[in-house]
Amino acid sequence: MARRQRGSQRQQQQPYDTALKALIGDHAAEIIPEFVPEAGLVAEQNSEIKRENIRADLVYYIQYRNQLHVLNLELQTGTDSDMEARIVRYHVDLHLEYRLPVISVILYLFNAKMPEPPYKELSGDEKLMVVEYRIIALWELDARHYVQQRALYMYTFLPAMAGASVELLKQAIQEMRERYNPQQFAKHLARFKTILQRSRTLSEEEKQAVEGYMQVYDSLIDNDPYFQRRLEEKSHERAQELAQELAQELAQKLAKQRERALQEQAEKGIREAEERAAKAAKEAEEMKEAMEREAQGMRQLVVEVVEDRFPSLADLARKQVVVVKQPDMLRQLVRLVLKAPDEAMVNWLLSSLSA
């Protein structure tokens, strides 16, 4: 039973692990000193750490008080009675592996019951082993401090911090938009939204208000090269699956016909299959042409809406919409242009189409 609960906890934590490991990996040199004052990342040696037999979350070589250390950073989303035992095991394993002092840190993302350091192994009054580790609770950090410092590398964590408000998070989103290119912004925004959805420092109404503000950027995430590549891969895989299914179906049909020595029916079946294939190909071509006609109409609508609201951007709209093939994306762009508060927003939306 306990094993199943631990497996469920790990499965629930996976989206946060993935998002935050990527974030900390991108900004380790900036984030580590925030969590471990006086520490600095030894970037050129970090890749040398091998963890085949150690399942710690994030491990780095760091310089701490003029001495080389190993940093073990564990990410935790909720209460886990085994957390202290794991941090001690990783701490000891890393120390024995690298023969260096180890600084162990547990980063709690959301309010949870936490262990109290240090870990002590006692035999009566005798201390057999003491392991020091540190705990960072995001909800005890002040989001306003990081926004005042413009520490953008910490903005993904803001929704889980104390002092977070709708206006503060909107400001943070705006600053990320101004700082990063569209591809980088999409990644940061996706991680930000992951934390926002689980935040316990904001009410449901506040979360909905922030998510509503973020809707204008949904198309940017959809346009991210990573998501487009995954969509193309999925489409290709599905096409291959359908082709295999059709091939297997036809092979089975022909085999049964041969078994019954019904050559004539087999030939008829082949002709019917060819006719269906030809009909399907024709329908697919007609559908493609219809989509192109619809897309052309939507492109014209985008240009007209932009020209009506912001005439100075009409030429840019004519140039940029040519690259968009999907009618749904163009339809979404029309809605975004109609909702846009100013010309700068529309200019940014149009420019991001070819980013």
# chains A, B, ... in the order shown; residues from 1 in each chain; ligands from 1
$ residues_around --residues "Arg177 in chain A" --least-positions-apart "3" --cutoff "12 Å" --atoms "only C-alpha atoms" --output "number ranges by chain"
A: 152, 155, 170-174, 180-189, 214, 216-217, 220, 345, 348-349, 352
$ residues_around --residues "Tyr146 in chain A" --least-positions-apart "3" --cutoff "12 Å" --atoms "only C-alpha atoms" --output "JSON, numbers by chain"
{"A": [31, 34, 141, 142, 143, 149, 150, 151, 152, 153, 154, 155, 156, 157, 158, 159, 161, 162, 163, 164, 168, 169, 171, 172]}
$ residues_around --residues "Ser203 in chain A" --least-positions-apart "5" --cutoff "12 Å" --atoms "only C-alpha atoms" --output "number ranges by chain"
A: 159-160, 164-166, 196-198, 208-210
$ write_last_selection --atoms "N, CA and C atoms" --output "PDB file, in the first residue's frame"
ATOM      1  N   PRO A 159       4.136  32.318  -8.631  1.00  0.00           N
ATOM      2  CA  PRO A 159       2.764  31.981  -8.217  1.00  0.00           C
ATOM      3  C   PRO A 159       2.685  31.194  -6.914  1.00  0.00           C
ATOM      4  N   ALA A 160       3.766  30.527  -6.507  1.00  0.00           N
ATOM      5  CA  ALA A 160       3.751  29.735  -5.275  1.00  0.00           C
ATOM      6  C   ALA A 160       4.272  30.514  -4.079  1.00  0.00           C
ATOM      7  N   ALA A 164       2.262  37.099  -3.744  1.00  0.00           N
ATOM      8  CA  ALA A 164       1.865  37.055  -5.154  1.00  0.00           C
ATOM      9  C   ALA A 164       0.436  37.585  -5.282  1.00  0.00           C
ATOM     10  N   SER A 165       0.215  38.419  -6.271  1.00  0.00           N
ATOM     11  CA  SER A 165      -1.122  38.947  -6.539  1.00  0.00           C
ATOM     12  C   SER A 165      -1.356  38.923  -8.041  1.00  0.00           C
ATOM     13  N   VAL A 166      -2.588  39.143  -8.433  1.00  0.00           N
ATOM     14  CA  VAL A 166      -2.919  39.134  -9.866  1.00  0.00           C
ATOM     15  C   VAL A 166      -2.100  40.191 -10.595  1.00  0.00           C
ATOM     16  N   LEU A 196       1.363  27.904 -11.387  1.00  0.00           N
ATOM     17  CA  LEU A 196       0.150  28.661 -11.074  1.00  0.00           C
ATOM     18  C   LEU A 196      -1.026  27.732 -10.778  1.00  0.00           C
ATOM     19  N   GLN A 197      -1.188  26.691 -11.590  1.00  0.00           N
ATOM     20  CA  GLN A 197      -2.350  25.819 -11.451  1.00  0.00           C
ATOM     21  C   GLN A 197      -2.376  25.089 -10.111  1.00  0.00           C
ATOM     22  N   ARG A 198      -1.220  24.855  -9.490  1.00  0.00           N
ATOM     23  CA  ARG A 198      -1.156  24.127  -8.224  1.00  0.00           C
ATOM     24  C   ARG A 198      -0.957  25.075  -7.024  1.00  0.00           C
ATOM     25  N   GLN A 208      -7.796  32.168 -11.937  1.00  0.00           N
ATOM     26  CA  GLN A 208      -8.562  32.325 -13.175  1.00  0.00           C
ATOM     27  C   GLN A 208      -8.278  33.675 -13.825  1.00  0.00           C
ATOM     28  N   ALA A 209      -8.115  34.697 -13.009  1.00  0.00           N
ATOM     29  CA  ALA A 209      -7.822  36.030 -13.563  1.00  0.00           C
ATOM     30  C   ALA A 209      -6.474  36.035 -14.270  1.00  0.00           C
ATOM     31  N   VAL A 210      -5.470  35.400 -13.671  1.00  0.00           N
ATOM     32  CA  VAL A 210      -4.139  35.352 -14.296  1.00  0.00           C
ATOM     33  C   VAL A 210      -4.172  34.492 -15.556  1.00  0.00           C
TER      34      VAL A 210
END
$ closest_residue --among "A:Glu204, A:Asp308, A:Glu275, A:Asp328" --to "Gln296 in chain A" --atoms "only C-alpha atoms"
A:Asp328
$ select_by_dssp --residues "range 112-239 of chain A" --states "helix (DSSP H, G or I)" --output "MDAnalysis selection string"
chainID A and resid 138:140 143:148 152:160 166:179 182:198 204:223 225:239
$ atom_distance --atom1 "CA of Lys319 in chain A" --atom2 "CA of Ala190 in chain A"
28.6 Å
$ atom_distance --atom1 "CA of Glu289 in chain A" --atom2 "CA of Glu245 in chain A"
26.6 Å
$ residues_around --residues "Ser351 in chain A" --least-positions-apart "3" --cutoff "9 Å" --atoms "only C-alpha atoms" --output "PyMOL selection string"
chain A and resi 316-317+320+346-348+354-355
$ write_last_selection --atoms "C-alpha atoms" --output "compact mmCIF listing (two decimals), in the first residue's frame"
# COMPACT_ATOMS: atom_id res chain seq x y z
CA LEU A 316 2.91 43.94 -42.02
CA ALA A 317 -0.26 41.87 -41.68
CA GLN A 320 3.03 37.86 -42.13
CA VAL A 346 -0.78 43.58 -32.47
CA ASN A 347 2.66 44.38 -33.88
CA TRP A 348 4.18 41.81 -31.51
CA SER A 354 7.68 34.27 -38.37
CA ALA A 355 9.81 34.12 -35.23
$ closest_residue --among "A:Glu97, A:Glu116, A:Glu167, A:Glu178" --to "Ser81 in chain A" --atoms "only C-alpha atoms"
A:Glu116
$ residues_around --residues "Ile32 in chain A" --least-positions-apart "2" --cutoff "12 Å" --atoms "only C-alpha atoms" --output "VMD selection string"
chain A and resid 23 to 30 34 to 43 58 to 64 70 to 73 103 105 107 153 to 154
